[in-house]
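Undergrad: So I've got this file, start.tsv, and it contains TSV, N, CA, C and O atoms:
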chain	number	residue	atom	x	y	z
A	1	SER	N	24.51	1.61	9.00
A	1	SER	CA	23.60	2.56	9.61
A	1	SER	C	22.18	2.26	9.18
A	1	SER	O	21.93	1.54	8.21
A	2	SER	N	21.22	2.84	9.85
A	2	SER	CA	19.81	2.61	9.50
A	2	SER	C	19.40	3.41	8.27
A	2	SER	O	18.28	3.29	7.80
A	3	ASN	N	20.29	4.24	7.72
A	3	ASN	CA	19.98	5.01	6.52
A	3	ASN	C	20.63	4.44	5.27
A	3	ASN	O	20.65	5.07	4.23
A	4	THR	N	21.18	3.24	5.35
A	4	THR	CA	21.85	2.62	4.22
A	4	THR	C	20.84	2.19	3.17
A	4	THR	O	19.81	1.61	3.50
A	5	VAL	N	21.12	2.47	1.90
A	5	VAL	CA	20.23	2.07	0.83
A	5	VAL	C	20.16	0.55	0.76
A	5	VAL	O	21.16	-0.13	0.85
A	6	TRP	N	18.96	0.02	0.58
A	6	TRP	CA	18.68	-1.41	0.45
A	6	TRP	C	18.96	-2.20	1.72
A	6	TRP	O	19.14	-3.39	1.70
A	7	LYS	N	19.00	-1.53	2.86
A	7	LYS	CA	19.21	-2.21	4.14
A	7	LYS	C	17.90	-2.88	4.57
A	7	LYS	O	16.83	-2.33	4.42
A	8	HIS	N	17.99	-4.08	5.08
A	8	HIS	CA	16.84	-4.77	5.66
A	8	HIS	C	17.06	-4.90	7.16
A	8	HIS	O	18.18	-5.10	7.62
A	9	GLN	N	16.00	-4.80	7.91
A	9	GLN	CA	16.08	-5.00	9.36
A	9	GLN	C	15.50	-6.38	9.66
A	9	GLN	O	14.46	-6.73	9.14
A	10	PHE	N	16.18	-7.14	10.46
A	10	PHE	CA	15.68	-8.47	10.81
A	10	PHE	C	15.90	-8.75	12.29
A	10	PHE	O	16.73	-8.14	12.94
A	11	GLY	N	15.10	-9.67	12.81
A	11	GLY	CA	15.27	-10.14	14.17
A	11	GLY	C	16.01	-11.46	14.12
A	11	GLY	O	15.73	-12.29	13.26
A	12	ARG	N	16.92	-11.67	15.03
A	12	ARG	CA	17.72	-12.91	15.00
A	12	ARG	C	17.11	-13.89	15.99
A	12	ARG	O	17.41	-13.86	17.18
A	13	GLU	N	16.28	-14.78	15.45
A	13	GLU	CA	15.64	-15.78	16.30
A	13	GLU	C	16.55	-16.97	16.53
A	13	GLU	O	16.61	-17.52	17.62
A	14	LYS	N	17.25	-17.41	15.49
A	14	LYS	CA	18.18	-18.54	15.57
A	14	LYS	C	19.37	-18.21	14.68
A	14	LYS	O	19.32	-17.27	13.90
A	15	LEU	N	20.41	-18.98	14.77
A	15	LEU	CA	21.57	-18.75	13.92
A	15	LEU	C	21.27	-18.97	12.44
A	15	LEU	O	21.99	-18.48	11.58
A	16	THR	N	20.22	-19.70	12.12
A	16	THR	CA	19.89	-20.00	10.73
A	16	THR	C	18.62	-19.32	10.25
A	16	THR	O	18.19	-19.54	9.14
A	17	ARG	N	18.01	-18.49	11.08
A	17	ARG	CA	16.73	-17.86	10.70
A	17	ARG	C	16.80	-16.37	10.96
A	17	ARG	O	17.07	-15.94	12.08
A	18	PHE	N	16.57	-15.57	9.91
A	18	PHE	CA	16.61	-14.11	10.02
A	18	PHE	C	15.35	-13.53	9.37
A	18	PHE	O	15.40	-13.06	8.23
A	19	PRO	N	14.20	-13.55	10.04
A	19	PRO	CA	12.98	-13.02	9.42
A	19	PRO	C	13.07	-11.50	9.23
A	19	PRO	O	13.41	-10.77	10.14
A	20	ILE	N	12.77	-11.06	8.01
A	20	ILE	CA	12.82	-9.63	7.68
A	20	ILE	C	11.66	-8.90	8.35
A	20	ILE	O	10.51	-9.31	8.24
A	21	LEU	N	11.95	-7.83	9.06
A	21	LEU	CA	10.93	-7.02	9.72
A	21	LEU	C	10.50	-5.86	8.84
A	21	LEU	O	9.34	-5.49	8.81
A	22	TYR	N	11.45	-5.24	8.15
A	22	TYR	CA	11.14	-4.19	7.20
A	22	TYR	C	12.31	-4.01	6.25
A	22	TYR	O	13.41	-4.46	6.53
A	23	GLY	N	12.03	-3.39	5.11
A	23	GLY	CA	13.07	-3.15	4.11
A	23	GLY	C	12.45	-2.53	2.88
A	23	GLY	O	11.23	-2.46	2.75
A	24	PRO	N	13.26	-2.07	1.95
A	24	PRO	CA	12.75	-1.40	0.76
A	24	PRO	C	12.04	-2.36	-0.19
A	24	PRO	O	12.33	-3.54	-0.23
A	25	VAL	N	11.09	-1.81	-0.91
A	25	VAL	CA	10.33	-2.56	-1.91
A	25	VAL	C	10.35	-1.74	-3.19
A	25	VAL	O	10.14	-0.54	-3.16
A	26	LEU	N	10.60	-2.37	-4.31
A	26	LEU	CA	10.65	-1.66	-5.58
A	26	LEU	C	9.80	-2.41	-6.60
A	26	LEU	O	9.95	-3.61	-6.76
A	27	ARG	N	8.89	-1.69	-7.25
A	27	ARG	CA	8.11	-2.27	-8.34
A	27	ARG	C	8.48	-1.49	-9.60
A	27	ARG	O	8.40	-0.27	-9.64
A	28	VAL	N	8.91	-2.21	-10.63
A	28	VAL	CA	9.29	-1.60	-11.90
A	28	VAL	C	8.50	-2.26	-13.02
A	28	VAL	O	8.46	-3.48	-13.11
A	29	ASN	N	7.86	-1.44	-13.85
A	29	ASN	CA	7.14	-1.92	-15.03
A	29	ASN	C	7.85	-1.36	-16.25
A	29	ASN	O	7.82	-0.15	-16.48
A	30	ILE	N	8.50	-2.23	-17.00
A	30	ILE	CA	9.23	-1.80	-18.19
A	30	ILE	C	8.52	-2.34	-19.42
A	30	ILE	O	8.33	-3.54	-19.55
A	31	ASP	N	8.12	-1.43	-20.29
A	31	ASP	CA	7.48	-1.79	-21.55
A	31	ASP	C	8.55	-1.71	-22.63
A	31	ASP	O	8.97	-0.62	-23.02
A	32	LEU	N	9.01	-2.86	-23.11
A	32	LEU	CA	10.09	-2.87	-24.09
A	32	LEU	C	9.67	-2.27	-25.43
A	32	LEU	O	10.52	-1.85	-26.21
A	33	ALA	N	8.38	-2.18	-25.68
A	33	ALA	CA	7.89	-1.55	-26.91
A	33	ALA	C	7.74	-0.04	-26.73
A	33	ALA	O	7.57	0.69	-27.70
A	34	ASP	N	7.79	0.43	-25.47
A	34	ASP	CA	7.62	1.86	-25.18
A	34	ASP	C	8.47	2.19	-23.95
A	34	ASP	O	7.93	2.44	-22.87
A	35	LEU	N	9.79	2.20	-24.10
A	35	LEU	CA	10.67	2.44	-22.96
A	35	LEU	C	10.38	3.75	-22.22
A	35	LEU	O	10.41	3.77	-20.99
A	36	PRO	N	10.07	4.86	-22.93
A	36	PRO	CA	9.75	6.08	-22.19
A	36	PRO	C	8.49	5.95	-21.32
A	36	PRO	O	8.31	6.70	-20.37
A	37	GLY	N	7.64	4.99	-21.61
A	37	GLY	CA	6.43	4.77	-20.81
A	37	GLY	C	6.66	3.90	-19.59
A	37	GLY	O	5.74	3.66	-18.81
A	38	SER	N	7.89	3.44	-19.38
A	38	SER	CA	8.21	2.59	-18.23
A	38	SER	C	8.06	3.38	-16.94
A	38	SER	O	8.32	4.59	-16.90
A	39	LYS	N	7.65	2.69	-15.87
A	39	LYS	CA	7.43	3.36	-14.59
A	39	LYS	C	7.98	2.53	-13.44
A	39	LYS	O	8.12	1.32	-13.54
A	40	MET	N	8.27	3.23	-12.33
A	40	MET	CA	8.73	2.57	-11.12
A	40	MET	C	8.06	3.21	-9.92
A	40	MET	O	7.60	4.34	-9.98
A	41	VAL	N	7.98	2.44	-8.84
A	41	VAL	CA	7.43	2.97	-7.60
A	41	VAL	C	8.12	2.29	-6.43
A	41	VAL	O	8.45	1.10	-6.48
A	42	LEU	N	8.40	3.05	-5.40
A	42	LEU	CA	9.06	2.57	-4.19
A	42	LEU	C	8.11	2.90	-3.02
A	42	LEU	O	8.27	3.91	-2.34
A	43	PRO	N	7.07	2.05	-2.81
A	43	PRO	CA	6.00	2.41	-1.89
A	43	PRO	C	6.40	2.54	-0.43
A	43	PRO	O	5.76	3.26	0.31
A	44	GLY	N	7.43	1.86	0.01
A	44	GLY	CA	7.84	1.94	1.41
A	44	GLY	C	8.98	2.90	1.65
A	44	GLY	O	9.62	2.88	2.70
A	45	GLY	N	9.24	3.77	0.69
A	45	GLY	CA	10.36	4.71	0.82
A	45	GLY	C	11.69	4.00	0.64
A	45	GLY	O	11.77	2.78	0.56
A	46	GLN	N	12.77	4.78	0.57
A	46	GLN	CA	14.10	4.21	0.34
A	46	GLN	C	14.52	3.32	1.49
A	46	GLN	O	15.13	2.27	1.29
A	47	SER	N	14.20	3.70	2.71
A	47	SER	CA	14.63	2.91	3.87
A	47	SER	C	13.71	1.73	4.13
A	47	SER	O	14.14	0.73	4.71
A	48	GLY	N	12.45	1.84	3.75
A	48	GLY	CA	11.48	0.79	4.07
A	48	GLY	C	11.06	0.82	5.53
A	48	GLY	O	10.34	-0.07	6.00
A	49	HIS	N	11.46	1.84	6.26
A	49	HIS	CA	11.14	1.93	7.69
A	49	HIS	C	9.83	2.68	7.89
A	49	HIS	O	9.69	3.83	7.47
A	50	PRO	N	8.84	2.06	8.55
A	50	PRO	CA	7.53	2.70	8.73
A	50	PRO	C	7.56	4.04	9.45
A	50	PRO	O	6.66	4.84	9.30
A	51	ARG	N	8.60	4.32	10.21
A	51	ARG	CA	8.67	5.61	10.92
A	51	ARG	C	9.30	6.73	10.09
A	51	ARG	O	9.36	7.86	10.55
A	52	SER	N	9.76	6.41	8.89
A	52	SER	CA	10.33	7.45	8.03
A	52	SER	C	9.22	8.41	7.60
A	52	SER	O	8.11	7.99	7.28
A	53	GLU	N	9.52	9.69	7.55
A	53	GLU	CA	8.51	10.66	7.12
A	53	GLU	C	8.12	10.49	5.65
A	53	GLU	O	7.10	10.99	5.21
A	54	HIS	N	8.94	9.78	4.87
A	54	HIS	CA	8.65	9.57	3.45
A	54	HIS	C	8.21	8.15	3.15
A	54	HIS	O	8.14	7.76	1.99
A	55	TYR	N	7.88	7.39	4.19
A	55	TYR	CA	7.53	5.98	4.03
A	55	TYR	C	6.41	5.76	3.01
A	55	TYR	O	6.47	4.86	2.20
A	56	ASP	N	5.39	6.59	3.04
A	56	ASP	CA	4.22	6.34	2.17
A	56	ASP	C	4.02	7.39	1.08
A	56	ASP	O	2.94	7.52	0.53
A	57	ASP	N	5.09	8.12	0.72
A	57	ASP	CA	4.98	9.15	-0.32
A	57	ASP	C	4.42	8.58	-1.63
A	57	ASP	O	3.60	9.21	-2.29
A	58	LEU	N	4.88	7.42	-2.04
A	58	LEU	CA	4.48	6.84	-3.32
A	58	LEU	C	3.42	5.75	-3.17
A	58	LEU	O	3.05	5.10	-4.14
A	59	LEU	N	2.90	5.57	-1.97
A	59	LEU	CA	1.92	4.51	-1.73
A	59	LEU	C	0.66	4.65	-2.58
A	59	LEU	O	0.18	3.65	-3.13
A	60	PRO	N	0.10	5.86	-2.77
A	60	PRO	CA	-1.09	5.97	-3.63
A	60	PRO	C	-0.82	5.48	-5.07
A	60	PRO	O	-1.67	4.82	-5.66
A	61	LEU	N	0.37	5.77	-5.61
A	61	LEU	CA	0.71	5.28	-6.94
A	61	LEU	C	0.77	3.75	-6.95
A	61	LEU	O	0.27	3.09	-7.85
A	62	TYR	N	1.39	3.19	-5.91
A	62	TYR	CA	1.52	1.73	-5.79
A	62	TYR	C	0.14	1.08	-5.73
A	62	TYR	O	-0.12	0.09	-6.41
A	63	MET	N	-0.74	1.64	-4.92
A	63	MET	CA	-2.09	1.08	-4.73
A	63	MET	C	-2.90	1.13	-6.02
A	63	MET	O	-3.79	0.30	-6.23
A	64	ASN	N	-2.63	2.11	-6.89
A	64	ASN	CA	-3.35	2.24	-8.15
A	64	ASN	C	-2.63	1.55	-9.31
A	64	ASN	O	-3.04	1.69	-10.46
A	65	GLY	N	-1.55	0.81	-9.00
A	65	GLY	CA	-0.80	0.12	-10.04
A	65	GLY	C	-0.05	1.07	-10.96
A	65	GLY	O	0.26	0.74	-12.09
A	66	ASP	N	0.22	2.26	-10.46
A	66	ASP	CA	0.90	3.28	-11.26
A	66	ASP	C	2.32	3.46	-10.75
A	66	ASP	O	2.79	2.70	-9.92
A	67	GLY	N	3.02	4.46	-11.23
A	67	GLY	CA	4.38	4.74	-10.79
A	67	GLY	C	4.86	6.05	-11.37
A	67	GLY	O	4.10	6.77	-12.00
A	68	VAL	N	6.12	6.36	-11.13
A	68	VAL	CA	6.72	7.57	-11.68
A	68	VAL	C	7.49	7.21	-12.94
A	68	VAL	O	7.99	6.10	-13.09
A	69	SER	N	7.59	8.14	-13.84
A	69	SER	CA	8.22	7.91	-15.13
A	69	SER	C	9.70	7.55	-14.99
A	69	SER	O	10.39	8.06	-14.12
A	70	MET	N	10.13	6.65	-15.85
A	70	MET	CA	11.56	6.30	-15.93
A	70	MET	C	12.13	6.79	-17.25
A	70	MET	O	13.16	6.31	-17.72
A	71	ASP	N	11.47	7.76	-17.86
A	71	ASP	CA	11.91	8.30	-19.14
A	71	ASP	C	13.30	8.90	-19.00
A	71	ASP	O	13.57	9.66	-18.08
A	72	MET	N	14.20	8.56	-19.90
A	72	MET	CA	15.57	9.06	-19.85
A	72	MET	C	15.88	10.00	-21.02
A	72	MET	O	17.03	10.33	-21.26
A	73	ASP	N	14.86	10.44	-21.73
A	73	ASP	CA	15.05	11.38	-22.84
A	73	ASP	C	15.22	12.78	-22.24
A	73	ASP	O	14.26	13.37	-21.76
A	74	MET	N	16.44	13.30	-22.24
A	74	MET	CA	16.74	14.56	-21.57
A	74	MET	C	15.93	15.73	-22.11
A	74	MET	O	15.54	16.61	-21.35
A	75	ALA	N	15.65	15.76	-23.39
A	75	ALA	CA	14.86	16.85	-23.95
A	75	ALA	C	13.45	16.84	-23.35
A	75	ALA	O	12.91	17.87	-22.96
A	76	ARG	N	12.85	15.66	-23.25
A	76	ARG	CA	11.51	15.54	-22.67
A	76	ARG	C	11.53	15.87	-21.18
A	76	ARG	O	10.62	16.52	-20.66
A	77	ILE	N	12.58	15.44	-20.49
A	77	ILE	CA	12.70	15.73	-19.06
A	77	ILE	C	12.81	17.23	-18.83
A	77	ILE	O	12.15	17.79	-17.95
A	78	ARG	N	13.61	17.92	-19.64
A	78	ARG	CA	13.76	19.39	-19.49
A	78	ARG	C	12.44	20.10	-19.74
A	78	ARG	O	12.09	21.04	-19.04
A	79	ARG	N	11.69	19.65	-20.76
A	79	ARG	CA	10.39	20.28	-21.06
A	79	ARG	C	9.39	20.09	-19.92
A	79	ARG	O	8.57	20.96	-19.64
A	80	ALA	N	9.45	18.95	-19.26
A	80	ALA	CA	8.49	18.65	-18.19
A	80	ALA	C	8.92	19.17	-16.83
A	80	ALA	O	8.13	19.15	-15.88
A	81	ALA	N	10.15	19.66	-16.73
A	81	ALA	CA	10.69	20.10	-15.43
A	81	ALA	C	9.90	21.28	-14.87
A	81	ALA	O	9.49	22.18	-15.59
A	82	VAL	N	9.70	21.24	-13.57
A	82	VAL	CA	9.03	22.33	-12.86
A	82	VAL	C	10.07	23.31	-12.33
A	82	VAL	O	9.85	24.51	-12.30
A	83	GLU	N	11.23	22.79	-11.90
A	83	GLU	CA	12.31	23.60	-11.39
A	83	GLU	C	13.64	23.07	-11.88
A	83	GLU	O	13.72	21.94	-12.36
A	84	LYS	N	14.67	23.88	-11.72
A	84	LYS	CA	16.01	23.45	-12.06
A	84	LYS	C	16.92	23.82	-10.89
A	84	LYS	O	16.91	24.94	-10.41
A	85	ILE	N	17.71	22.85	-10.44
A	85	ILE	CA	18.67	23.08	-9.35
A	85	ILE	C	20.07	22.96	-9.94
A	85	ILE	O	20.38	21.97	-10.58
A	86	GLU	N	20.87	23.99	-9.74
A	86	GLU	CA	22.25	23.97	-10.23
A	86	GLU	C	23.19	23.87	-9.04
A	86	GLU	O	23.07	24.64	-8.09
A	87	LEU	N	24.09	22.92	-9.09
A	87	LEU	CA	25.11	22.78	-8.05
A	87	LEU	C	26.39	23.43	-8.55
A	87	LEU	O	26.85	23.16	-9.63
A	88	ARG	N	26.94	24.28	-7.73
A	88	ARG	CA	28.16	24.99	-8.11
A	88	ARG	C	29.22	24.77	-7.04
A	88	ARG	O	28.92	24.61	-5.87
A	89	ARG	N	30.45	24.85	-7.48
A	89	ARG	CA	31.58	24.75	-6.53
A	89	ARG	C	31.82	26.05	-5.87
A	89	ARG	O	31.69	27.10	-6.35
Go through the file and emit its structure as structure tokens.
TA:
Amino acid sequence: SSNTVWKHQFGREKLTRFPILYGPVLRVNIDLADLPGSKMVLPGGQSGHPRSEHYDDLLPLYMNGDGVSMDMDMARIRRAAVEKIELRR
């Protein structure tokens, strides 16, 4: 489907040539001396499709060489949380 994660769209010009038209892009900056300071950005959205409503959500971060935190310290994440969503059966 066109909503598959990491899907690339290509045009089939020849049996041996598949030029990519669009697809996801991921930039990850990992600082091994400061793992909580590591950041990632997905500037073209998960689908990489220009018509997606979320295509450019993270583009300003990408353009500024920034990203969103990849901190995995749950105590820090809870303190920084704006909301909490609970899923129940």
Undergrad: Go ahead and compute the interatomic distance for CA of Arg27 (chain A) and CA of Ile85 (chain A), in Å to one decimal.
TA: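 For CA of Arg27 (chain A) relative to CA of Ile85 (chain A), the distance reads 27.5 Å.
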Undergrad: Rounded to one decimal place, report the CA of Pro43 (chain A)-CA of Asn29 (chain A) distance in Å.
TA: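 Going from CA of Pro43 (chain A) over to CA of Asn29 (chain A), I get 13.9 Å.
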Undergrad: Region 32-38 of chain A: which residues within 4.5 Å, counting all atoms listed in the file, same-chain residues fewer than 4 positions away excluded, as a list in words?
TA: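 Returned residues: Val68, Ser69, Met70 and Asp71 of chain A.
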Undergrad: Figure out the distance between CA of Val25 (chain A) and CA of Gln46 (chain A), please, to one decimal in Å.
TA: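 Result for CA of Gln46 (chain A) versus CA of Val25 (chain A): 8.1 Å, one decimal.
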